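Take a look at the structure below.
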Amino acid sequence: MISQVFILSSKGDHLIYKDFRGEARSDVVGTFYEKVTSLSGDQPPVVMKHKDLHFVHVRQGGLYWVATTTSDSSPFTVIEFLNRFAALVKDYCGSLSEKAVHMNFALIYELLDEVLDFGYIQTTSSDVLKNFIQTEAVSLRPFSLFDLSNVGLFGAETQQSKVAPSSAATRPIQSSREQGGKSEIFVDVIERLSVVIGSNGVLMKADVEGEIRVKCYMPNCSELRIGLNEEFSIGKSQLRGYGAAVRVDECSFHQAVRLEEFDSHRILRLSPSQGEQTVMQYQLSDELPSAPPFRLFPTLERDGGGRLLMYLKLRCDLPPKSAAINVSATIPVPKGSVSLSQELSSPDQSAELRPQSRAVVWQIPRFTGGSQLSALFKLEVSGLSSASMLEVGPVCLSFELPKFTATGLQIRFLRLSPVQPGPSQRWVRYVTHSDSYTIRL
């Protein structure tokens with residue numbers, strides 16, 4: 001049983017506030033923000049208590065999604081509700097941001113009135129709510145399926161027109177009614193990579209967590225069939241198919257997924273609801289089917305002037321046609337580092353010394369597979385000694401790998417039934433993010 005629900009910006013601004021039971025005082029919003037900002041650490045506890053009031057919150061889209069309760073409600077139920085409500089707002093508003101909430105506050109209040117009744121959860125299903133929600137979403141930017149940048153000479157299609165724009169799946173689900181009968185479905189394979197590489201270059205740990213997300217803008221799709229690799233296997237079972245093995249340790253499915261054809265043909269069947277849902281989650285531990293995407297070759301020494309010299313060569317072991325984007329390397333440096341001079345191998349790179357976090361941040365906007373980049377950092381360190389040299393490292397990498405999966409999982413086909421009467425598009429997108437990529441020096 002929930003007493004209040006409110007949404008705050010990262011600065012504590014009140015965006016949404018709804019009191020369902022009148023049990024708590026009116027200053028609870030300020031009390032929550034004071035408690036959450038006074039705690040040390042980047043991640044405050046999800047559940048906090050103030051007198052007889054319990055705060056439960058999650059962070060989504062840079063916002064605080066908070067619920068209060070004074071009863072013995074299950075915190076896991078409230079956390080699950082907040083996550084589902086945030087996903088619901090994203091489906092109806094198109095994106096999660098402070099501006100999106102400001103522009104669609106009337107729609108969000110209407111959603112709250114439908115999903116909660118006197119603090120009791122009613123439903124979070126977009127299929128059920130579409131019959132009751134009347135407020136139209138206000139998009140942050142108008143979405144157009146026709147973009148002149150995708151048209152070549154005399155109206156000929158360019159190769160770019162066959163690629164979905166990044167904003168295509170961030171529009172409200174109600175907008176599917178306004179696209180002249182045009183309907184689309186997006187299937188995203190998203191993986192998060194955790195790697196630890198020792199100082200000798202040996203891979204010490206490698207974990208992959210992945211999921212398949214479906215976002216549907218088709219109001220009349222009764223069944224979607226998703227075909228995975230025929231070689232896809234779970235656990236240490238016998239390998240399947242004739243191609244390269246695609247193996248995961250654990251796998252779980254959404255309750256709406258039907259698995260009659262999964263064991264024999266690796267086909268997932270479901271009736272997708274409008275909006276976004278995660279249909280499959282999987283995990284692979286202590287093993288990668290291919291080499292890690294990045295290797296680092298460091299050299300550390302002191303020059304005659306007492307400066308610390310760090311020469312770093314970073315190699316990208318992706319296939320030559322692939323590329324990593326938004327690559328950032330964070331190198332912890334000794335206490336007393338006061339200035340940095342640098343020599344970078346290409347002009348698009350950048351680096352800076354951040355004294356507050358005692359680290360040098362090396363940023364690479366795009367890194368082509370099979371290539372190597374280098375950087376020479378010269379640090380002025382007061383009182384540099386052999387002991388302070390040990391404070392360098394480990395290096396933490398963050399990056400994004402579009403059109404790439406670490407496990408090798410691929411979508412063979414997408415089939416819709418019944419066949420859509422009007423024009424429809426089916427998009428499959430792959431991306432791998434770095435969750436924790438650590439290289440010891």
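Letters A, B, ... go to the chains of the structure tokens in the order shown; residues in each chain start at 1; ligands are counted from 1 in the same order.
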
Exercise for review: From a DSSP calculation on the backbone, collect every residue of segment 276-392 of chain A in helix (DSSP H, G or I) and output the set as a ChimeraX atom specification.
Suggested key: /A:386-389

Exercise for review: Please identify all polymer residues within 6 Å of Phe404 of chain A, counting only C-alpha atoms, omitting same-chain residues fewer than 2 positions from it, and present them as a list of chain:residue names.
Suggested key: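 After dropping sequence-adjacent residues, the list is A:Leu401, A:Pro402, A:Tyr430, A:Val431.
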
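Among the candidates A:Met1, A:Gly62, A:Leu112, A:Ser10, the residue lying nearest to Val78 of chain A is A:Met1 (atoms considered: only C-alpha atoms).
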
**Study point:** Who sits within 12 Å of Pro347 of chain A, only C-alpha atoms, same chain under 6 positions skipped, as a VMD selection string
**Key:** chain A and resid 363 to 366 373 to 375

Those same residues - N, CA, C and O atoms - I'd like them written as a PDB file, in the first residue's frame.
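So out_20.pdb came out as:
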ATOM      1  N   GLN A 363      39.945  10.438 -23.709  1.00  0.00           N
ATOM      2  CA  GLN A 363      38.696  10.218 -24.422  1.00  0.00           C
ATOM      3  C   GLN A 363      38.950  10.082 -25.917  1.00  0.00           C
ATOM      4  O   GLN A 363      39.697  10.860 -26.507  1.00  0.00           O
ATOM      5  N   ILE A 364      38.285   9.056 -26.499  1.00  0.00           N
ATOM      6  CA  ILE A 364      38.416   8.758 -27.927  1.00  0.00           C
ATOM      7  C   ILE A 364      36.997   8.647 -28.485  1.00  0.00           C
ATOM      8  O   ILE A 364      36.255   7.724 -28.123  1.00  0.00           O
ATOM      9  N   PRO A 365      36.572   9.554 -29.347  1.00  0.00           N
ATOM     10  CA  PRO A 365      35.184   9.498 -29.832  1.00  0.00           C
ATOM     11  C   PRO A 365      34.884   8.284 -30.703  1.00  0.00           C
ATOM     12  O   PRO A 365      33.781   7.735 -30.631  1.00  0.00           O
ATOM     13  N   ARG A 366      35.841   7.847 -31.517  1.00  0.00           N
ATOM     14  CA  ARG A 366      35.623   6.681 -32.382  1.00  0.00           C
ATOM     15  C   ARG A 366      36.923   5.914 -32.525  1.00  0.00           C
ATOM     16  O   ARG A 366      37.979   6.510 -32.763  1.00  0.00           O
ATOM     17  N   LEU A 373      45.969   3.132 -31.001  1.00  0.00           N
ATOM     18  CA  LEU A 373      46.191   4.533 -30.668  1.00  0.00           C
ATOM     19  C   LEU A 373      47.148   4.617 -29.486  1.00  0.00           C
ATOM     20  O   LEU A 373      47.239   3.685 -28.681  1.00  0.00           O
ATOM     21  N   SER A 374      47.845   5.732 -29.382  1.00  0.00           N
ATOM     22  CA  SER A 374      48.821   5.875 -28.307  1.00  0.00           C
ATOM     23  C   SER A 374      48.719   7.268 -27.706  1.00  0.00           C
ATOM     24  O   SER A 374      48.208   8.209 -28.329  1.00  0.00           O
ATOM     25  N   ALA A 375      49.211   7.382 -26.475  1.00  0.00           N
ATOM     26  CA  ALA A 375      49.216   8.658 -25.766  1.00  0.00           C
ATOM     27  C   ALA A 375      50.409   8.681 -24.831  1.00  0.00           C
ATOM     28  O   ALA A 375      50.734   7.682 -24.183  1.00  0.00           O
TER      29      ALA A 375
END

Point to revise | Å distance separating atom CA of Leu116 of chain A from atom CA of Ile173 of chain A, one decimal place | key: 21.1 Å

Dump as JSON lines the rows for residues of segment 342-433 of chain A within 10 Å of segment 253-267 of chain A: closest atom pair and distance in Å with one decimal, only C-alpha atoms counted, ordered by chain and rising residue number.
{"residue": "A:Ile411", "atom": "CA", "partner": "A:Ile267", "partner_atom": "CA", "distance": 9.8}
{"residue": "A:Arg412", "atom": "CA", "partner": "A:Ile267", "partner_atom": "CA", "distance": 9.4}
{"residue": "A:Phe413", "atom": "CA", "partner": "A:Ile267", "partner_atom": "CA", "distance": 9.3}
{"residue": "A:Leu414", "atom": "CA", "partner": "A:Ile267", "partner_atom": "CA", "distance": 9.7}

Selected residues written out, N, CA and C atoms, as a PDB file, in the first residue's frame:
ATOM      1  N   ILE A 411      19.918 -12.453 -34.300  1.00  0.00           N
ATOM      2  CA  ILE A 411      18.510 -12.691 -34.633  1.00  0.00           C
ATOM      3  C   ILE A 411      18.460 -13.179 -36.079  1.00  0.00           C
ATOM      4  N   ARG A 412      17.973 -14.408 -36.268  1.00  0.00           N
ATOM      5  CA  ARG A 412      17.887 -14.958 -37.624  1.00  0.00           C
ATOM      6  C   ARG A 412      16.747 -14.350 -38.419  1.00  0.00           C
ATOM      7  N   PHE A 413      15.589 -14.186 -37.771  1.00  0.00           N
ATOM      8  CA  PHE A 413      14.435 -13.639 -38.489  1.00  0.00           C
ATOM      9  C   PHE A 413      13.426 -13.090 -37.492  1.00  0.00           C
ATOM     10  N   LEU A 414      12.573 -12.208 -37.994  1.00  0.00           N
ATOM     11  CA  LEU A 414      11.402 -11.702 -37.274  1.00  0.00           C
ATOM     12  C   LEU A 414      10.195 -11.932 -38.176  1.00  0.00           C
TER      13      LEU A 414
END

Exercise for review: Quick one: everything within 12 Å of Pro355 of chain A, counting only C-alpha atoms, minus sequence neighbours fewer than 2 positions away in the same chain. Send it as a VMD selection string.
Suggested key: chain A and resid 331 to 340 352 to 353 357 to 361 379 to 381
